[in-house]
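Trainee: Following this line is my_file_11.cif, made up of mmCIF, C-alpha atoms:
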data_model
loop_
_atom_site.group_PDB
_atom_site.id
_atom_site.type_symbol
_atom_site.label_atom_id
_atom_site.label_comp_id
_atom_site.auth_asym_id
_atom_site.auth_seq_id
_atom_site.Cartn_x
_atom_site.Cartn_y
_atom_site.Cartn_z
ATOM 1 C CA MET A 1 30.640 -14.865 6.856
ATOM 2 C CA ILE A 2 27.723 -16.298 8.861
ATOM 3 C CA ASP A 3 25.587 -19.299 7.989
ATOM 4 C CA ALA A 4 21.962 -18.257 7.429
ATOM 5 C CA PRO A 5 20.602 -21.174 9.541
ATOM 6 C CA VAL A 6 22.637 -19.860 12.479
ATOM 7 C CA LEU A 7 20.937 -16.489 12.090
ATOM 8 C CA ARG A 8 17.471 -18.049 12.140
ATOM 9 C CA GLU A 9 18.331 -20.209 15.137
ATOM 10 C CA LYS A 10 19.495 -17.190 17.127
ATOM 11 C CA ALA A 11 16.409 -15.214 16.053
ATOM 12 C CA ARG A 12 14.069 -17.990 17.208
ATOM 13 C CA ALA A 13 15.889 -18.163 20.540
ATOM 14 C CA LEU A 14 15.117 -14.461 21.020
ATOM 15 C CA GLY A 15 11.405 -14.976 20.378
ATOM 16 C CA PHE A 16 11.052 -13.842 16.768
ATOM 17 C CA ALA A 17 8.341 -15.747 14.903
ATOM 18 C CA ALA A 18 10.243 -15.632 11.614
ATOM 19 C CA CYS A 19 13.522 -14.297 10.257
ATOM 20 C CA GLY A 20 14.951 -13.852 6.782
ATOM 21 C CA VAL A 21 17.916 -12.070 5.249
ATOM 22 C CA ALA A 22 18.354 -10.236 1.965
ATOM 23 C CA ARG A 23 21.390 -8.741 0.308
ATOM 24 C CA CYS A 24 21.403 -4.960 0.665
ATOM 25 C CA ARG A 25 20.711 -3.139 -2.597
ATOM 26 C CA PRO A 26 18.926 -0.028 -3.879
ATOM 27 C CA MET A 27 15.231 -0.781 -4.429
ATOM 28 C CA ALA A 28 14.894 1.295 -7.571
ATOM 29 C CA GLU A 29 11.878 -0.721 -8.735
ATOM 30 C CA GLN A 30 9.871 0.619 -5.791
ATOM 31 C CA GLU A 31 10.424 4.269 -6.709
ATOM 32 C CA PRO A 32 7.650 4.687 -9.343
ATOM 33 C CA ARG A 33 4.937 3.289 -7.062
ATOM 34 C CA LEU A 34 6.145 5.346 -4.091
ATOM 35 C CA ARG A 35 6.276 8.486 -6.236
ATOM 36 C CA ARG A 36 2.759 7.946 -7.638
ATOM 37 C CA TRP A 37 1.387 7.299 -4.150
ATOM 38 C CA ILE A 38 2.879 10.493 -2.732
ATOM 39 C CA ASP A 39 2.214 12.698 -5.771
ATOM 40 C CA SER A 40 -1.465 11.689 -5.726
ATOM 41 C CA GLY A 41 -1.732 12.760 -2.081
ATOM 42 C CA ARG A 42 -2.682 9.308 -0.809
ATOM 43 C CA HIS A 43 -0.069 9.642 1.947
ATOM 44 C CA ALA A 44 -2.384 12.278 3.538
ATOM 45 C CA GLY A 45 -0.524 14.204 6.256
ATOM 46 C CA MET A 46 2.421 11.794 6.487
ATOM 47 C CA GLU A 47 4.896 14.311 5.099
ATOM 48 C CA TYR A 48 7.800 12.246 6.402
ATOM 49 C CA MET A 49 7.099 9.842 3.530
ATOM 50 C CA ASN A 50 8.142 12.593 1.136
ATOM 51 C CA ARG A 51 11.370 13.287 2.996
ATOM 52 C CA ASN A 52 14.547 11.253 2.576
ATOM 53 C CA ARG A 53 13.036 9.443 -0.412
ATOM 54 C CA CYS A 54 16.477 8.399 -1.704
ATOM 55 C CA VAL A 55 17.387 7.061 1.741
ATOM 56 C CA ARG A 56 14.109 5.155 1.944
ATOM 57 C CA LEU A 57 14.951 3.353 -1.291
ATOM 58 C CA ASP A 58 18.546 2.465 -0.359
ATOM 59 C CA PRO A 59 19.386 1.147 3.147
ATOM 60 C CA ALA A 60 23.097 1.721 2.519
ATOM 61 C CA ARG A 61 22.360 5.451 2.805
ATOM 62 C CA LEU A 62 20.808 4.810 6.204
ATOM 63 C CA ALA A 63 23.542 2.547 7.568
ATOM 64 C CA GLU A 64 26.981 3.102 6.073
ATOM 65 C CA GLY A 65 28.638 -0.090 4.915
ATOM 66 C CA CYS A 66 25.392 -2.100 5.043
ATOM 67 C CA ARG A 67 25.713 -5.406 3.200
ATOM 68 C CA SER A 68 22.742 -7.336 4.551
ATOM 69 C CA VAL A 69 19.155 -6.609 5.604
ATOM 70 C CA VAL A 70 17.930 -8.963 8.333
ATOM 71 C CA VAL A 71 14.131 -8.940 8.657
ATOM 72 C CA THR A 72 12.226 -10.330 11.634
ATOM 73 C CA LEU A 73 8.551 -10.840 12.396
ATOM 74 C CA THR A 74 7.112 -10.669 15.896
ATOM 75 C CA ALA A 75 3.596 -12.076 16.092
ATOM 76 C CA TYR A 76 0.918 -10.520 18.302
ATOM 77 C CA PRO A 77 -2.536 -11.940 19.083
ATOM 78 C CA PRO A 78 -5.670 -10.814 17.266
ATOM 79 C CA VAL A 79 -8.601 -9.526 19.277
ATOM 80 C CA ALA A 80 -12.034 -11.033 18.836
ATOM 81 C CA PRO A 81 -14.926 -8.640 18.104
ATOM 82 C CA ILE A 82 -17.153 -7.733 21.062
ATOM 83 C CA LYS A 83 -20.717 -9.000 20.618
ATOM 84 C CA GLY A 84 -20.415 -8.717 16.866
ATOM 85 C CA ARG A 85 -19.034 -5.181 16.820
ATOM 86 C CA PRO A 86 -15.454 -4.110 16.139
ATOM 87 C CA HIS A 87 -13.228 -3.530 19.124
ATOM 88 C CA PRO A 88 -12.653 0.218 19.684
ATOM 89 C CA VAL A 89 -8.901 -0.397 20.129
ATOM 90 C CA ALA A 90 -6.984 -2.281 17.428
ATOM 91 C CA ALA A 91 -5.272 -5.513 18.458
ATOM 92 C CA TYR A 92 -1.733 -4.170 18.157
ATOM 93 C CA ALA A 93 -2.516 -1.261 20.478
ATOM 94 C CA GLN A 94 -3.615 -3.638 23.243
ATOM 95 C CA GLN A 95 -0.083 -5.046 23.486
ATOM 96 C CA PRO A 96 2.974 -3.575 25.228
ATOM 97 C CA ASP A 97 4.572 -0.903 23.066
ATOM 98 C CA TYR A 98 6.363 -2.780 20.312
ATOM 99 C CA HIS A 99 9.084 -0.186 19.696
ATOM 100 C CA GLY A 100 10.512 -0.700 23.162
ATOM 101 C CA ALA A 101 10.089 -4.470 22.986
ATOM 102 C CA ILE A 102 11.537 -5.268 19.566
ATOM 103 C CA LYS A 103 14.480 -2.904 19.135
ATOM 104 C CA PRO A 104 16.426 -4.244 22.164
ATOM 105 C CA ARG A 105 15.932 -7.798 20.855
ATOM 106 C CA LEU A 106 17.302 -6.792 17.467
ATOM 107 C CA TYR A 107 20.432 -5.493 19.174
ATOM 108 C CA GLN A 108 20.578 -8.723 21.170
ATOM 109 C CA LEU A 109 20.519 -10.553 17.847
ATOM 110 C CA LEU A 110 23.389 -8.385 16.628
ATOM 111 C CA ASP A 111 25.326 -9.138 19.822
ATOM 112 C CA ALA A 112 24.749 -12.860 19.265
ATOM 113 C CA LEU A 113 26.139 -12.564 15.740
ATOM 114 C CA ARG A 114 29.129 -10.663 17.111
ATOM 115 C CA GLU A 115 30.221 -13.688 19.133
ATOM 116 C CA ASN A 116 32.317 -14.807 16.178
ATOM 117 C CA HIS A 117 32.431 -11.443 14.404
ATOM 118 C CA PRO A 118 33.123 -8.848 17.125
ATOM 119 C CA GLU A 119 33.796 -6.123 14.564
ATOM 120 C CA ALA A 120 30.263 -6.319 13.115
ATOM 121 C CA ARG A 121 28.191 -3.165 12.994
ATOM 122 C CA GLY A 122 24.436 -2.783 12.721
ATOM 123 C CA ARG A 123 21.424 -0.540 13.120
ATOM 124 C CA ALA A 124 18.019 -1.680 14.333
ATOM 125 C CA CYS A 125 14.895 -0.195 12.723
ATOM 126 C CA VAL A 126 11.384 -0.601 14.091
ATOM 127 C CA ASP A 127 8.740 1.469 12.320
ATOM 128 C CA SER A 128 10.586 4.756 12.672
ATOM 129 C CA ALA A 129 13.514 4.836 10.215
ATOM 130 C CA PRO A 130 13.002 5.711 6.521
ATOM 131 C CA ILE A 131 13.051 2.176 5.128
ATOM 132 C CA LEU A 132 10.552 0.094 3.145
ATOM 133 C CA GLU A 133 9.927 -2.537 5.818
ATOM 134 C CA LYS A 134 7.275 -4.537 3.979
ATOM 135 C CA ALA A 135 9.188 -4.585 0.701
ATOM 136 C CA TRP A 136 12.274 -5.878 2.524
ATOM 137 C CA ALA A 137 10.200 -8.540 4.263
ATOM 138 C CA VAL A 138 9.125 -9.765 0.815
ATOM 139 C CA GLU A 139 12.743 -9.620 -0.365
ATOM 140 C CA ALA A 140 13.757 -11.734 2.645
ATOM 141 C CA GLY A 141 11.188 -14.389 1.764
ATOM 142 C CA LEU A 142 8.786 -13.746 4.657
ATOM 143 C CA GLY A 143 5.569 -13.245 2.718
ATOM 144 C CA TRP A 144 3.746 -11.032 0.233
ATOM 145 C CA ILE A 145 2.065 -7.647 0.429
ATOM 146 C CA GLY A 146 -1.661 -8.286 0.326
ATOM 147 C CA ARG A 147 -4.449 -6.174 -1.092
ATOM 148 C CA ASN A 148 -4.809 -4.683 2.391
ATOM 149 C CA ARG A 149 -1.231 -3.375 1.905
ATOM 150 C CA LEU A 150 -0.043 -5.413 4.895
ATOM 151 C CA LEU A 151 2.649 -8.064 4.831
ATOM 152 C CA ILE A 152 0.973 -11.481 4.917
ATOM 153 C CA ASN A 153 3.053 -14.386 6.169
ATOM 154 C CA PRO A 154 1.871 -17.935 5.339
ATOM 155 C CA ASP A 155 2.075 -18.912 9.028
ATOM 156 C CA SER A 156 1.229 -15.811 11.054
ATOM 157 C CA GLY A 157 -1.019 -13.997 8.598
ATOM 158 C CA SER A 158 -0.778 -10.228 9.017
ATOM 159 C CA TYR A 159 -0.842 -9.945 12.813
ATOM 160 C CA HIS A 160 2.843 -9.206 13.344
ATOM 161 C CA TRP A 161 5.380 -6.400 13.657
ATOM 162 C CA ILE A 162 8.351 -6.068 11.319
ATOM 163 C CA GLY A 163 11.803 -5.455 12.752
ATOM 164 C CA ILE A 164 14.878 -4.797 10.616
ATOM 165 C CA LEU A 165 18.578 -5.065 11.363
ATOM 166 C CA LEU A 166 20.917 -3.388 8.874
ATOM 167 C CA THR A 167 24.386 -4.847 9.193
ATOM 168 C CA ASP A 168 27.748 -4.944 7.447
ATOM 169 C CA LEU A 169 27.880 -8.711 7.998
ATOM 170 C CA GLU A 170 27.658 -11.073 5.047
ATOM 171 C CA PHE A 171 25.853 -14.416 5.074
ATOM 172 C CA SER A 172 26.603 -17.704 3.390
ATOM 173 C CA ALA A 173 23.232 -17.649 1.644
ATOM 174 C CA TYR A 174 20.430 -15.151 1.177
ATOM 175 C CA ASP A 175 16.712 -15.835 1.098
ATOM 176 C CA THR A 176 14.790 -15.787 -2.154
ATOM 177 C CA SER A 177 12.238 -13.042 -2.594
ATOM 178 C CA TYR A 178 8.698 -14.296 -1.943
ATOM 179 C CA ALA A 179 7.156 -14.558 -5.398
ATOM 180 C CA LYS A 180 3.728 -16.069 -4.679
ATOM 181 C CA ASP A 181 0.641 -13.851 -4.490
ATOM 182 C CA GLY A 182 -1.485 -15.593 -1.881
ATOM 183 C CA CYS A 183 -4.455 -13.254 -2.334
ATOM 184 C CA GLY A 184 -5.603 -14.701 -5.655
ATOM 185 C CA ASN A 185 -9.013 -13.271 -6.573
ATOM 186 C CA CYS A 186 -9.980 -12.544 -2.958
ATOM 187 C CA ARG A 187 -11.426 -9.070 -2.335
ATOM 188 C CA ARG A 188 -12.620 -9.466 1.238
ATOM 189 C CA CYS A 189 -10.360 -6.753 2.652
ATOM 190 C CA LEU A 190 -11.356 -4.293 -0.091
ATOM 191 C CA ASP A 191 -15.056 -4.910 0.509
ATOM 192 C CA ALA A 192 -14.734 -4.822 4.315
ATOM 193 C CA CYS A 193 -12.955 -1.464 4.568
ATOM 194 C CA PRO A 194 -15.567 0.836 6.179
ATOM 195 C CA THR A 195 -14.375 3.935 4.307
ATOM 196 C CA ALA A 196 -13.296 2.384 0.974
ATOM 197 C CA ALA A 197 -9.707 3.382 1.696
ATOM 198 C CA LEU A 198 -8.374 0.306 -0.128
ATOM 199 C CA SER A 199 -8.387 -0.373 -3.840
ATOM 200 C CA ALA A 200 -6.770 -3.131 -5.890
ATOM 201 C CA GLU A 201 -5.248 -0.608 -8.303
ATOM 202 C CA ASP A 202 -4.070 2.197 -6.026
ATOM 203 C CA GLY A 203 -3.504 0.463 -2.694
ATOM 204 C CA LEU A 204 -4.193 2.486 0.446
ATOM 205 C CA ASP A 205 -5.589 6.007 0.455
ATOM 206 C CA ALA A 206 -4.651 7.264 3.915
ATOM 207 C CA ARG A 207 -6.980 10.235 3.517
ATOM 208 C CA ARG A 208 -9.861 7.800 4.051
ATOM 209 C CA CYS A 209 -8.161 5.360 6.427
ATOM 210 C CA ILE A 210 -9.541 5.053 9.972
ATOM 211 C CA SER A 211 -6.182 3.809 11.256
ATOM 212 C CA TYR A 212 -4.361 6.833 9.861
ATOM 213 C CA HIS A 213 -6.854 9.311 11.253
ATOM 214 C CA THR A 214 -7.079 7.753 14.734
ATOM 215 C CA LEU A 215 -3.335 7.114 15.054
ATOM 216 C CA SER A 216 -1.325 9.652 13.057
ATOM 217 C CA ASN A 217 -3.596 12.561 12.168
ATOM 218 C CA ARG A 218 -3.245 15.179 14.897
ATOM 219 C CA ARG A 219 -5.925 17.368 13.362
ATOM 220 C CA LEU A 220 -9.687 16.982 13.520
ATOM 221 C CA ILE A 221 -10.811 13.775 11.834
ATOM 222 C CA PRO A 222 -13.081 14.357 8.800
ATOM 223 C CA ASN A 223 -16.710 13.794 9.765
ATOM 224 C CA GLU A 224 -17.238 11.370 6.879
ATOM 225 C CA VAL A 225 -14.543 9.119 8.361
ATOM 226 C CA VAL A 226 -15.981 9.337 11.886
ATOM 227 C CA GLU A 227 -19.455 8.500 10.570
ATOM 228 C CA LYS A 228 -18.161 5.183 9.235
ATOM 229 C CA SER A 229 -15.761 4.375 12.073
ATOM 230 C CA GLU A 230 -18.261 2.146 13.926
ATOM 231 C CA GLY A 231 -16.913 3.335 17.266
ATOM 232 C CA ARG A 232 -13.223 2.697 16.550
ATOM 233 C CA LEU A 233 -10.972 4.937 18.614
ATOM 234 C CA ILE A 234 -7.454 3.657 17.979
ATOM 235 C CA GLY A 235 -6.675 1.862 14.745
ATOM 236 C CA CYS A 236 -8.830 -0.427 12.621
ATOM 237 C CA ASP A 237 -8.534 -4.178 12.050
ATOM 238 C CA ALA A 238 -11.377 -4.500 9.510
ATOM 239 C CA CYS A 239 -9.118 -5.637 6.684
ATOM 240 C CA GLN A 240 -7.324 -8.125 8.933
ATOM 241 C CA VAL A 241 -10.403 -9.666 10.533
ATOM 242 C CA VAL A 242 -11.833 -10.787 7.179
ATOM 243 C CA CYS A 243 -8.538 -12.033 5.693
ATOM 244 C CA PRO A 244 -8.635 -15.833 5.187
ATOM 245 C CA HIS A 245 -4.967 -16.046 6.131
ATOM 246 C CA ASN A 246 -5.874 -14.805 9.620
ATOM 247 C CA ALA A 247 -8.795 -17.194 10.125
ATOM 248 C CA ARG A 248 -6.903 -19.762 12.195
ATOM 249 C CA ARG A 249 -5.385 -17.212 14.541
ATOM 250 C CA LEU A 250 -8.703 -15.384 14.938
ATOM 251 C CA ALA A 251 -10.387 -18.652 15.878
ATOM 252 C CA GLU A 252 -7.822 -18.987 18.656
ATOM 253 C CA ALA A 253 -7.972 -15.321 19.681
ATOM 254 C CA PRO A 254 -8.351 -14.596 23.387
ATOM 255 C CA ALA A 255 -11.395 -12.823 24.737
ATOM 256 C CA ALA A 256 -11.242 -9.067 24.458
ATOM 257 C CA ASP A 257 -9.618 -7.304 27.400
ATOM 258 C CA PRO A 258 -12.363 -5.248 29.097
ATOM 259 C CA ALA A 259 -9.735 -2.702 30.189
ATOM 260 C CA PHE A 260 -9.753 -1.314 26.638
ATOM 261 C CA ASP A 261 -13.534 -1.292 26.213
ATOM 262 C CA LEU A 262 -14.529 1.870 28.034
ATOM 263 C CA THR A 263 -17.750 3.759 27.468
ATOM 264 C CA SER A 264 -17.665 7.217 25.941
ATOM 265 C CA GLU A 265 -18.324 8.739 29.370
ATOM 266 C CA GLU A 266 -15.467 6.753 30.906
ATOM 267 C CA TRP A 267 -13.016 7.944 28.243
ATOM 268 C CA LEU A 268 -14.106 11.560 28.671
ATOM 269 C CA THR A 269 -13.849 11.509 32.470
ATOM 270 C CA LEU A 270 -10.580 9.558 32.651
ATOM 271 C CA ASP A 271 -7.764 11.789 33.918
ATOM 272 C CA GLU A 272 -4.155 11.729 32.723
ATOM 273 C CA THR A 273 -2.920 9.842 35.782
ATOM 274 C CA GLY A 274 -5.538 7.130 35.413
ATOM 275 C CA PHE A 275 -4.863 6.948 31.668
ATOM 276 C CA PHE A 276 -1.133 6.355 32.071
ATOM 277 C CA ASP A 277 -1.637 3.968 34.968
ATOM 278 C CA ARG A 278 -3.817 1.792 32.727
ATOM 279 C CA PHE A 279 -2.321 2.334 29.285
ATOM 280 C CA GLY A 280 1.130 3.828 29.767
ATOM 281 C CA HIS A 281 2.831 0.598 28.674
ATOM 282 C CA THR A 282 0.868 0.404 25.416
ATOM 283 C CA PRO A 283 0.897 2.382 22.133
ATOM 284 C CA LEU A 284 -2.096 4.351 23.443
ATOM 285 C CA ALA A 285 0.326 6.407 25.519
ATOM 286 C CA GLU A 286 2.008 7.698 22.365
ATOM 287 C CA LYS A 287 -1.334 8.839 20.922
ATOM 288 C CA GLY A 288 -2.369 10.464 24.184
ATOM 289 C CA LEU A 289 -5.630 10.831 26.049
ATOM 290 C CA GLU A 290 -6.442 14.140 24.367
ATOM 291 C CA LYS A 291 -6.506 12.528 20.893
ATOM 292 C CA ILE A 292 -8.848 9.799 22.141
ATOM 293 C CA ARG A 293 -11.130 12.324 23.822
ATOM 294 C CA GLN A 294 -11.257 14.319 20.582
ATOM 295 C CA THR A 295 -12.363 11.250 18.647
ATOM 296 C CA VAL A 296 -14.954 10.274 21.279
ATOM 297 C CA SER A 297 -16.386 13.793 21.288
ATOM 298 C CA GLN A 298 -16.670 13.799 17.497
ATOM 299 C CA GLN A 299 -18.435 10.451 17.541
ATOM 300 C CA LEU A 300 -20.915 11.615 20.160
ATOM 301 C CA GLU A 301 -21.644 14.834 18.283
ATOM 302 C CA ILE A 302 -22.226 13.048 14.990
ATOM 303 C CA PHE A 303 -24.168 10.060 16.290
ATOM 304 C CA GLN A 304 -26.438 12.188 18.509
ATOM 305 C CA LYS A 305 -27.538 14.120 15.423
ATOM 306 C CA GLU A 306 -28.686 10.951 13.700
#
What do you get writing this file as structure tokens?

Mentor:
Amino acid sequence: MIDAPVLREKARALGFAACGVARCRPMAEQEPRLRRWIDSGRHAGMEYMNRNRCVRLDPARLAEGCRSVVVTLTAYPPVAPIKGRPHPVAAYAQQPDYHGAIKPRLYQLLDALRENHPEARGRACVDSAPILEKAWAVEAGLGWIGRNRLLINPDSGSYHWIGILLTDLEFSAYDTSYAKDGCGNCRRCLDACPTAALSAEDGLDARRCISYHTLSNRRLIPNEVVEKSEGRLIGCDACQVVCPHNARRLAEAPAADPAFDLTSEEWLTLDETGFFDRFGHTPLAEKGLEKIRQTVSQQLEIFQKE
């Protein structure tokens, strides 16, 4: 058995902004909401959300013998708007690819815990395994899920990545689920969403979401979404920029990196070699130059008609 403060100390030493731990259990209470969301079609083309639904609700099905769910947050810097307009590339996509950065550190955390428990087993999950990351972050006491459907931490706001370590280790104490709703009556994120993809009752409708369409949708983006995209090419931070819990970090945000602020002509004439030389270390590489060109071309076609 490991003391929970030891876990947090080792996590901080590895650069995680926050760390909590919850006892592994089936999250049956999440099933009705997940089912309604999928059955209503609000998951859009993310068919993987409909697969392995039982696994998604029970981490023990994902990692045999799992007793504990360790949840970490890795903060990343916001990006200030450019001359009053939204940045065409979301803040997270201007950072080194988080999958490759966080997963090795989670295994380093497991190795650190193995110093006194060499038999310990674990599996690291970073935004790819079928697991309810945000719900487990709440369970581990790291924050609440805001009206923008993002995890909001009292210290780092919503600008962070969630990493999860499923392990058969047991801890001396487990964190208490975060019970406070820090959103109160605030509706800023709902009102700021350019496409009305957010609602207080139904959460996120990915069919309208700029982030979904510019990041995950491999098909042609609906024209009504492009018309309201305000030049966004990869992701959308509209609901984060207006969140009061991000105000302090936005005030300290660095100046936008001009490397990500290309003109439409520059995006369309950029070749694959130049693209990967400039952006190969970022999440843009996963989306690919062709997807960005497609979005730019749609924007030009629509805006030139106006």

Trainee: Give as a list of chain:residue names the residues that the PyMOL selection byres ((chain A and resi 218) around 12) matches when applied to the coordinates above.

Mentor: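 On the file shown, the PyMOL selection byres ((chain A and resi 218) around 12) covers A:Ala44, A:Gly45, A:Met46, A:Tyr212, A:His213, A:Thr214, A:Leu215, A:Ser216, A:Asn217, A:Arg219, A:Leu220, A:Ile221, A:Pro222, A:Glu286, A:Lys287, A:Gly288, A:Glu290, A:Lys291, A:Ile292, A:Gln294, A:Thr295.
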
Trainee: Can you tell me which residues surround Ala173 of chain A at a distance of at most 12 Å, considering only C-alpha atoms, apart from same-chain residues fewer than 3 positions away, and format the answer as a ChimeraX atom specification?

Mentor: /A:1-8,20-23,68,140,169-170,176

Trainee: Quick one: everything within 9 Å of Pro78 of chain A, counting all atoms listed in the file, minus sequence neighbours fewer than 3 positions away in the same chain. Send it as an mmCIF file with C-alpha atoms, keeping the file's coordinate frame.

Mentor:
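And here's result10.cif as it stands now:
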data_model
loop_
_atom_site.group_PDB
_atom_site.id
_atom_site.type_symbol
_atom_site.label_atom_id
_atom_site.label_comp_id
_atom_site.auth_asym_id
_atom_site.auth_seq_id
_atom_site.Cartn_x
_atom_site.Cartn_y
_atom_site.Cartn_z
ATOM 1 C CA ALA A 90 -6.984 -2.281 17.428
ATOM 2 C CA ALA A 91 -5.272 -5.513 18.458
ATOM 3 C CA TYR A 92 -1.733 -4.170 18.157
ATOM 4 C CA TYR A 159 -0.842 -9.945 12.813
ATOM 5 C CA ASP A 237 -8.534 -4.178 12.050
ATOM 6 C CA GLN A 240 -7.324 -8.125 8.933
ATOM 7 C CA VAL A 241 -10.403 -9.666 10.533
ATOM 8 C CA ASN A 246 -5.874 -14.805 9.620
ATOM 9 C CA ARG A 249 -5.385 -17.212 14.541
ATOM 10 C CA LEU A 250 -8.703 -15.384 14.938
ATOM 11 C CA GLU A 252 -7.822 -18.987 18.656
ATOM 12 C CA ALA A 253 -7.972 -15.321 19.681
ATOM 13 C CA PRO A 254 -8.351 -14.596 23.387
#

Trainee: Please write the residues picked by the PyMOL selection byres ((chain A and resi 225) around 9) on this file as a VMD selection string.

Mentor: chain A and resid 194 to 195 208 to 210 213 221 to 224 226 to 229

Trainee: Dump C-alpha atoms for the selected residues as an mmCIF file, keeping the file's coordinate frame?

Mentor:
data_model
loop_
_atom_site.group_PDB
_atom_site.id
_atom_site.type_symbol
_atom_site.label_atom_id
_atom_site.label_comp_id
_atom_site.auth_asym_id
_atom_site.auth_seq_id
_atom_site.Cartn_x
_atom_site.Cartn_y
_atom_site.Cartn_z
ATOM 1 C CA PRO A 194 -15.567 0.836 6.179
ATOM 2 C CA THR A 195 -14.375 3.935 4.307
ATOM 3 C CA ARG A 208 -9.861 7.800 4.051
ATOM 4 C CA CYS A 209 -8.161 5.360 6.427
ATOM 5 C CA ILE A 210 -9.541 5.053 9.972
ATOM 6 C CA HIS A 213 -6.854 9.311 11.253
ATOM 7 C CA ILE A 221 -10.811 13.775 11.834
ATOM 8 C CA PRO A 222 -13.081 14.357 8.800
ATOM 9 C CA ASN A 223 -16.710 13.794 9.765
ATOM 10 C CA GLU A 224 -17.238 11.370 6.879
ATOM 11 C CA VAL A 226 -15.981 9.337 11.886
ATOM 12 C CA GLU A 227 -19.455 8.500 10.570
ATOM 13 C CA LYS A 228 -18.161 5.183 9.235
ATOM 14 C CA SER A 229 -15.761 4.375 12.073
#

Trainee: Once the PyMOL selection byres ((chain A and resi 29-33) around 12) is applied to the coordinates I shared, what remains selected? I want it as a list in words.

Mentor: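 Matching residues under the PyMOL selection byres ((chain A and resi 29-33) around 12) are Arg25, Pro26, Met27, Ala28, Leu34, Arg35, Arg36, Trp37, Ile38, Asp39, Ser40, Arg42, Asn50, Arg53, Cys54, Val55, Arg56, Leu57, Asp58, Ile131, Leu132, Lys134, Ala135, Trp136, Glu139, Glu201, Asp202, Gly203 and Leu204 of chain A.
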
Trainee: Between A:Ala137, A:Leu151, A:Cys236, A:Ala196, which has the minimum distance to Asp175 of chain A (counting only C-alpha atoms)?

Mentor: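 Under the stated criterion, the closest residue is A:Ala137.
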
Trainee: Report the closest atom pair, with its distance in Å rounded to one decimal, for each residue of segment 99-137 of chain A that has an atom no farther than 12 Å from segment 268-285 of chain A; count only C-alpha atoms, sort by chain and then rising residue number, and write it as CSV.

Mentor:
residue,atom,partner,partner_atom,distance
A:His99,CA,A:Pro283,CA,8.9
A:Gly100,CA,A:His281,CA,9.5
A:Ala101,CA,A:His281,CA,10.5

Trainee: Nearest residue to Arg187 of chain A out of A:Ile152, A:Val126, A:Val242, A:Ile162, using all atoms listed in the file?

Mentor: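 Answer, going by the shortest atom-to-atom distance: A:Val242.
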
Trainee: So that I can check the surroundings of Leu262 of chain A, please list as an NGL selection string every protein, DNA and RNA residue that reaches within 12 Å of it, counting only C-alpha atoms and ignoring chain neighbours fewer than 3 positions away.

Mentor: :A and (87-89 or 231-233 or 256-259 or 265-270 or 275 or 278 or 292-293 or 296)

Trainee: Record the distance separating atom CA of Glu133 of chain A and atom CA of Ala80 of chain A, expressed in Å with one decimal.

Mentor: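 Separation of atom CA of Glu133 of chain A and atom CA of Ala80 of chain A: 26.9 Å.
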
Trainee: Under the rule that only C-alpha atoms are counted, which of A:Val138, A:Ala255, A:Trp161, A:Asp168 is the nearest residue to Pro118 of chain A?

Mentor: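 The shortest atom-to-atom distance to Pro118 of chain A comes from A:Asp168.
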
Trainee: Report, in Å to a single decimal, how far apart atom CA of Gly141 of chain A and atom CA of Cys24 of chain A are.

Mentor: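 It comes out at 13.9 Å.
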
Trainee: So the first atom is atom CA of Arg123 of chain A and the second is atom CA of Leu165 of chain A; what is the distance between them in Å, to one decimal place?

Mentor: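 Computing it gives 5.6 Å between the two atoms.
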
Trainee: Can you tell me, as lines of an AutoDock Vina configuration file, the centre and edge lengths (Å, one decimal) of the axis-aligned box enclosing all of segment 257-273 of chain A's listed atoms after padding each side by 5 Å?

Mentor:
center_x = -10.6
center_y = 2.2
center_z = 30.9
size_x = 25.4
size_y = 29.1
size_z = 19.8

Trainee: Using only C-alpha atoms, can you tell me which of A:Asn52, A:Ser128, A:Gln298, A:Ser211 comes closest to Ile164 of chain A?

Mentor: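 Closest candidate: A:Ser128.
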
Trainee: I need the residue nearest Ala238 of chain A from this list: A:Pro154, A:Gly143, A:Pro96, A:Pro81. Use only C-alpha atoms for the distance.

Mentor: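 Among the listed residues, the smallest separation from Ala238 of chain A belongs to A:Pro81.
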
Trainee: Residues around (15.9, -9.0, 16.2), cut-off 8 Å, counting only C-alpha atoms - what are they as a list in words?

Mentor: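 With a cut-off of 8 Å, the residues come to Ala11, Leu14, Phe16, Val71, Thr72, Ile102, Lys103, Pro104, Arg105, Leu106, Tyr107, Gln108, Leu109, Leu110, Ala124, Gly163, Ile164 and Leu165 of chain A.
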
Trainee: Restricting the calculation to only C-alpha atoms: of A:Asp205, A:Lys180, A:Glu301, A:Pro86, which residue gets closest to His43 of chain A?

Mentor: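 Using only C-alpha atoms, the shortest distance to His43 of chain A belongs to A:Asp205.
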